[in-house]
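Colleague: One structure is given below, represented as structure tokens, and several questions about it will come after.
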Amino acid sequence: MNNLVSLLILIPSVAALLLAFIPRRYERAQKSFALFATFASFAFSILLFANFRATADLQFVERVAWIPQFGISYYVGVDGLSILLVMLTTFLMIIAIGGSWNAITDRVKEYHILFLLLEAAMIGVFVSLDLFLFYVFWEFTLIPMALLIG
């Protein structure tokens with residue numbers, strides 16, 4: 001339970017990496033795998049919410065020194081607002097991938113990889129407690145979003 005927040009970031013990231021190894025001709029498998037990964041993220045966000053205590057404290061906090069010379073660390077956790085944003089993000093990703101099932105016919109693999117990376121980055125934005133880490137996740141959301149829009 002201690003690394004649940006990091007697991008929420010890791011699930012779509014690893015799923016995007018694994019999706020890269022599915023051959024291009026298996027579009028249905030790519031779509032199904034991406035949908036499964038978003039369902040897994042949503043299930044873990046429900047698990048996070050189920051274990052959340054209604055207090056004003058930060059919960060599920062993880063802190064690891066990243067660049068200690070500058071006081072920068074991998075510092076994530078959730079509070080009452082961010083947990084709802086994480087749940088909303090993971091739920092909306094299911095709807096977005098399901099809604100694009102028949103609409104996306106060109107570059108299906110790339111679309112789903114970018115979508116999973118976008119999900120990981122958005123979750124990272126909502127759970128980051130270090131300003132530099134927040135900036136990294138925020139900038140990382142722009143890359144898949146720009147490619148998806150383009």
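Following the order of the structure tokens, chains are lettered A, B, ..., residues in each are numbered from 1, and ligands are numbered from 1.
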Using only C-alpha atoms, which residues sit within 12 Å of Ile67 of chain A once same-chain residues fewer than 5 positions away are excluded, as a PyMOL selection string?

Modeller: chain A and resi 72-75+130+132-133

Colleague: Hey, what's within 10 Å of Gly98 of chain A if we count only C-alpha atoms and toss same-chain stuff fewer than 2 positions away? As a list in words, please?

Modeller: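 Residues meeting the cut-off are Lys31, Ser32, Ala34, Leu35, Thr38, Leu92, Met93, Ile94, Ile95, Ala96, Ser100, Trp101, Asn102 and Ala103 of chain A.
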
Colleague: Just the residues within 7 Å of Leu58 of chain A, please, counting only C-alpha atoms, with nothing from its chain fewer than 4 positions along; format it as an NGL selection string.

Modeller: :A and (77-79)

Colleague: Keeping N, CA and C atoms, export the residues of the selection given above as an mmCIF file, in the first residue's frame.

Modeller:
data_model
loop_
_atom_site.group_PDB
_atom_site.id
_atom_site.type_symbol
_atom_site.label_atom_id
_atom_site.label_comp_id
_atom_site.auth_asym_id
_atom_site.auth_seq_id
_atom_site.Cartn_x
_atom_site.Cartn_y
_atom_site.Cartn_z
ATOM 1 N N GLY A 77 2.102 12.266 -3.221
ATOM 2 C CA GLY A 77 1.100 11.914 -2.231
ATOM 3 C C GLY A 77 -0.239 12.476 -2.659
ATOM 4 N N VAL A 78 -1.262 12.179 -1.895
ATOM 5 C CA VAL A 78 -2.596 12.667 -2.234
ATOM 6 C C VAL A 78 -3.234 13.331 -1.022
ATOM 7 N N ASP A 79 -4.100 14.286 -1.322
ATOM 8 C CA ASP A 79 -4.955 14.890 -0.309
ATOM 9 C C ASP A 79 -6.392 14.730 -0.792
#

Colleague: With distances taken over only C-alpha atoms, which of A:Val136, A:Ala56, A:Ile97, A:Ala43 is nearest to Ile113 of chain A?

Modeller: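 Closest candidate: A:Ile97.
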
Colleague: In Å, rounded to a single decimal, give me how far atom CA of Ile9 of chain A is from atom CA of Ala120 of chain A.

Modeller: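 Rounded to one decimal, the two atoms are 4.8 Å apart.
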
Colleague: Please list as a list of chain:residue names every residue within 10 Å of segment 25-30 of chain A, counting only C-alpha atoms and excluding residues in the same chain fewer than 2 positions away.

Modeller: A:Leu18, A:Leu19, A:Ala20, A:Phe21, A:Ile22, A:Pro23, A:Ser32, A:Phe33, A:Ala34, A:Leu35, A:Phe36, A:Trp101, A:Thr105, A:Asp106, A:Arg107, A:Val108, A:Lys109, A:Glu110, A:Tyr111, A:His112, A:Ile113

Colleague: For the residues in that selection, give me N, CA, C and O atoms as a PDB file, in the first residue's frame.

Modeller:
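Produced file result.pdb, reproduced below:
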ATOM      1  N   LEU A  18       4.925  -1.674 -23.079  1.00  0.00           N
ATOM      2  CA  LEU A  18       4.547  -3.005 -23.561  1.00  0.00           C
ATOM      3  C   LEU A  18       3.734  -2.939 -24.852  1.00  0.00           C
ATOM      4  O   LEU A  18       3.858  -3.803 -25.721  1.00  0.00           O
ATOM      5  N   LEU A  19       2.935  -1.920 -24.977  1.00  0.00           N
ATOM      6  CA  LEU A  19       2.126  -1.738 -26.185  1.00  0.00           C
ATOM      7  C   LEU A  19       3.006  -1.534 -27.410  1.00  0.00           C
ATOM      8  O   LEU A  19       2.635  -1.910 -28.518  1.00  0.00           O
ATOM      9  N   ALA A  20       4.173  -0.984 -27.212  1.00  0.00           N
ATOM     10  CA  ALA A  20       5.102  -0.773 -28.324  1.00  0.00           C
ATOM     11  C   ALA A  20       5.566  -2.095 -28.932  1.00  0.00           C
ATOM     12  O   ALA A  20       5.970  -2.135 -30.094  1.00  0.00           O
ATOM     13  N   PHE A  21       5.486  -3.174 -28.168  1.00  0.00           N
ATOM     14  CA  PHE A  21       5.934  -4.478 -28.665  1.00  0.00           C
ATOM     15  C   PHE A  21       4.832  -5.292 -29.332  1.00  0.00           C
ATOM     16  O   PHE A  21       5.111  -6.364 -29.870  1.00  0.00           O
ATOM     17  N   ILE A  22       3.604  -4.826 -29.282  1.00  0.00           N
ATOM     18  CA  ILE A  22       2.521  -5.520 -29.983  1.00  0.00           C
ATOM     19  C   ILE A  22       2.622  -5.176 -31.464  1.00  0.00           C
ATOM     20  O   ILE A  22       2.686  -4.003 -31.813  1.00  0.00           O
ATOM     21  N   PRO A  23       2.654  -6.176 -32.334  1.00  0.00           N
ATOM     22  CA  PRO A  23       2.792  -5.886 -33.771  1.00  0.00           C
ATOM     23  C   PRO A  23       1.673  -4.987 -34.288  1.00  0.00           C
ATOM     24  O   PRO A  23       0.529  -5.056 -33.837  1.00  0.00           O
ATOM     25  N   SER A  32      -7.484  -3.264 -27.095  1.00  0.00           N
ATOM     26  CA  SER A  32      -7.897  -4.011 -25.905  1.00  0.00           C
ATOM     27  C   SER A  32      -6.879  -3.862 -24.780  1.00  0.00           C
ATOM     28  O   SER A  32      -7.250  -3.701 -23.613  1.00  0.00           O
ATOM     29  N   PHE A  33      -5.600  -3.918 -25.125  1.00  0.00           N
ATOM     30  CA  PHE A  33      -4.554  -3.774 -24.109  1.00  0.00           C
ATOM     31  C   PHE A  33      -4.579  -2.386 -23.482  1.00  0.00           C
ATOM     32  O   PHE A  33      -4.442  -2.242 -22.267  1.00  0.00           O
ATOM     33  N   ALA A  34      -4.751  -1.368 -24.309  1.00  0.00           N
ATOM     34  CA  ALA A  34      -4.821  -0.001 -23.787  1.00  0.00           C
ATOM     35  C   ALA A  34      -6.045   0.166 -22.886  1.00  0.00           C
ATOM     36  O   ALA A  34      -5.965   0.798 -21.828  1.00  0.00           O
ATOM     37  N   LEU A  35      -7.172  -0.397 -23.286  1.00  0.00           N
ATOM     38  CA  LEU A  35      -8.375  -0.312 -22.466  1.00  0.00           C
ATOM     39  C   LEU A  35      -8.189  -1.066 -21.155  1.00  0.00           C
ATOM     40  O   LEU A  35      -8.586  -0.597 -20.085  1.00  0.00           O
ATOM     41  N   PHE A  36      -7.550  -2.236 -21.223  1.00  0.00           N
ATOM     42  CA  PHE A  36      -7.264  -3.003 -20.012  1.00  0.00           C
ATOM     43  C   PHE A  36      -6.361  -2.209 -19.066  1.00  0.00           C
ATOM     44  O   PHE A  36      -6.574  -2.200 -17.848  1.00  0.00           O
ATOM     45  N   TRP A 101     -12.652   3.895 -29.910  1.00  0.00           N
ATOM     46  CA  TRP A 101     -12.473   2.520 -30.385  1.00  0.00           C
ATOM     47  C   TRP A 101     -12.657   2.407 -31.903  1.00  0.00           C
ATOM     48  O   TRP A 101     -11.823   1.830 -32.589  1.00  0.00           O
ATOM     49  N   THR A 105      -8.564   5.005 -36.723  1.00  0.00           N
ATOM     50  CA  THR A 105      -8.228   3.917 -37.650  1.00  0.00           C
ATOM     51  C   THR A 105      -6.822   4.065 -38.215  1.00  0.00           C
ATOM     52  O   THR A 105      -6.298   3.142 -38.820  1.00  0.00           O
ATOM     53  N   ASP A 106      -6.210   5.227 -38.036  1.00  0.00           N
ATOM     54  CA  ASP A 106      -4.877   5.489 -38.555  1.00  0.00           C
ATOM     55  C   ASP A 106      -3.908   5.657 -37.382  1.00  0.00           C
ATOM     56  O   ASP A 106      -4.218   6.381 -36.424  1.00  0.00           O
ATOM     57  N   ARG A 107      -2.781   4.999 -37.423  1.00  0.00           N
ATOM     58  CA  ARG A 107      -1.768   5.057 -36.368  1.00  0.00           C
ATOM     59  C   ARG A 107      -2.349   4.700 -34.999  1.00  0.00           C
ATOM     60  O   ARG A 107      -2.167   5.430 -34.007  1.00  0.00           O
ATOM     61  N   VAL A 108      -3.015   3.589 -34.957  1.00  0.00           N
ATOM     62  CA  VAL A 108      -3.701   3.139 -33.739  1.00  0.00           C
ATOM     63  C   VAL A 108      -2.703   2.905 -32.603  1.00  0.00           C
ATOM     64  O   VAL A 108      -2.930   3.321 -31.462  1.00  0.00           O
ATOM     65  N   LYS A 109      -1.604   2.268 -32.926  1.00  0.00           N
ATOM     66  CA  LYS A 109      -0.604   1.950 -31.910  1.00  0.00           C
ATOM     67  C   LYS A 109      -0.036   3.223 -31.279  1.00  0.00           C
ATOM     68  O   LYS A 109       0.039   3.345 -30.054  1.00  0.00           O
ATOM     69  N   GLU A 110       0.344   4.177 -32.121  1.00  0.00           N
ATOM     70  CA  GLU A 110       0.923   5.420 -31.622  1.00  0.00           C
ATOM     71  C   GLU A 110      -0.084   6.198 -30.780  1.00  0.00           C
ATOM     72  O   GLU A 110       0.259   6.779 -29.758  1.00  0.00           O
ATOM     73  N   TYR A 111      -1.330   6.201 -31.231  1.00  0.00           N
ATOM     74  CA  TYR A 111      -2.385   6.907 -30.512  1.00  0.00           C
ATOM     75  C   TYR A 111      -2.514   6.364 -29.088  1.00  0.00           C
ATOM     76  O   TYR A 111      -2.552   7.135 -28.122  1.00  0.00           O
ATOM     77  N   HIS A 112      -2.576   5.066 -28.952  1.00  0.00           N
ATOM     78  CA  HIS A 112      -2.783   4.482 -27.626  1.00  0.00           C
ATOM     79  C   HIS A 112      -1.541   4.605 -26.747  1.00  0.00           C
ATOM     80  O   HIS A 112      -1.653   4.785 -25.528  1.00  0.00           O
ATOM     81  N   ILE A 113      -0.362   4.520 -27.342  1.00  0.00           N
ATOM     82  CA  ILE A 113       0.856   4.736 -26.556  1.00  0.00           C
ATOM     83  C   ILE A 113       0.879   6.157 -26.006  1.00  0.00           C
ATOM     84  O   ILE A 113       1.136   6.380 -24.821  1.00  0.00           O
TER      85      ILE A 113
END

Colleague: Where does DSSP see helix (DSSP H, G or I) in chain A, if you list the residues as a PyMOL selection string?

Modeller: chain A and resi 4-19+27-50+68-70+80-99+108-127+131-149

Colleague: Return the single residue from A:Phe70, A:Phe39, A:Phe60, A:Phe137 that is closest to Asn2 of chain A, with distances computed using only C-alpha atoms.

Modeller: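 Ranked by minimum distance to Asn2 of chain A, first place goes to A:Phe60.
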
Colleague: List the neighbours of Phe44 of chain A out to 12 Å using only C-alpha atoms; skip same-chain residues closer than 4 positions along the sequence, and give me the result as a list in words.

Modeller: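 Surrounding residues, per the criterion: Met1, Asn3, Leu4, Val5, Ser6, Leu7, Leu8, Ile9, Leu10, Ile11, Pro12, Ala37, Thr38, Phe39, Ala40, Leu48, Phe49, Ala50, Asn51, Ile83, Val86, Met87, Thr90 and Phe91 of chain A.
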
Colleague: Distance atom CA of Glu139 of chain A-atom CA of Leu114 of chain A, one decimal place?

Modeller: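 Rounded to one decimal, the two atoms are 14.1 Å apart.
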
Colleague: Would you pick out the contacts of Leu142 of chain A at 12 Å or less, using only C-alpha atoms, so that residues sharing its chain but fewer than 3 positions from it are not included, and give the list as a VMD selection string?

Modeller: chain A and resid 114 to 115 117 to 119 121 to 122 125 135 to 139 145 to 150

Colleague: List every residue of segment 2-127 of chain A that DSSP, applied to the backbone of this structure, assigns to strand (DSSP E), and report them as a ChimeraX atom specification.

Modeller: /A:59-67,72-78

Colleague: Suppose you want the space between atom CA of Leu47 of chain A and atom CA of Ala16 of chain A; what is it in Å?

Modeller: 21.9 Å

Colleague: Calculated over only C-alpha atoms, which of the candidates A:Ser128, A:Ser13, A:Arg24, A:Leu116 has the smallest distance to Val76 of chain A?

Modeller: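 Going through A:Ser128, A:Ser13, A:Arg24, A:Leu116 one by one, the smallest distance to Val76 of chain A is for A:Ser128.
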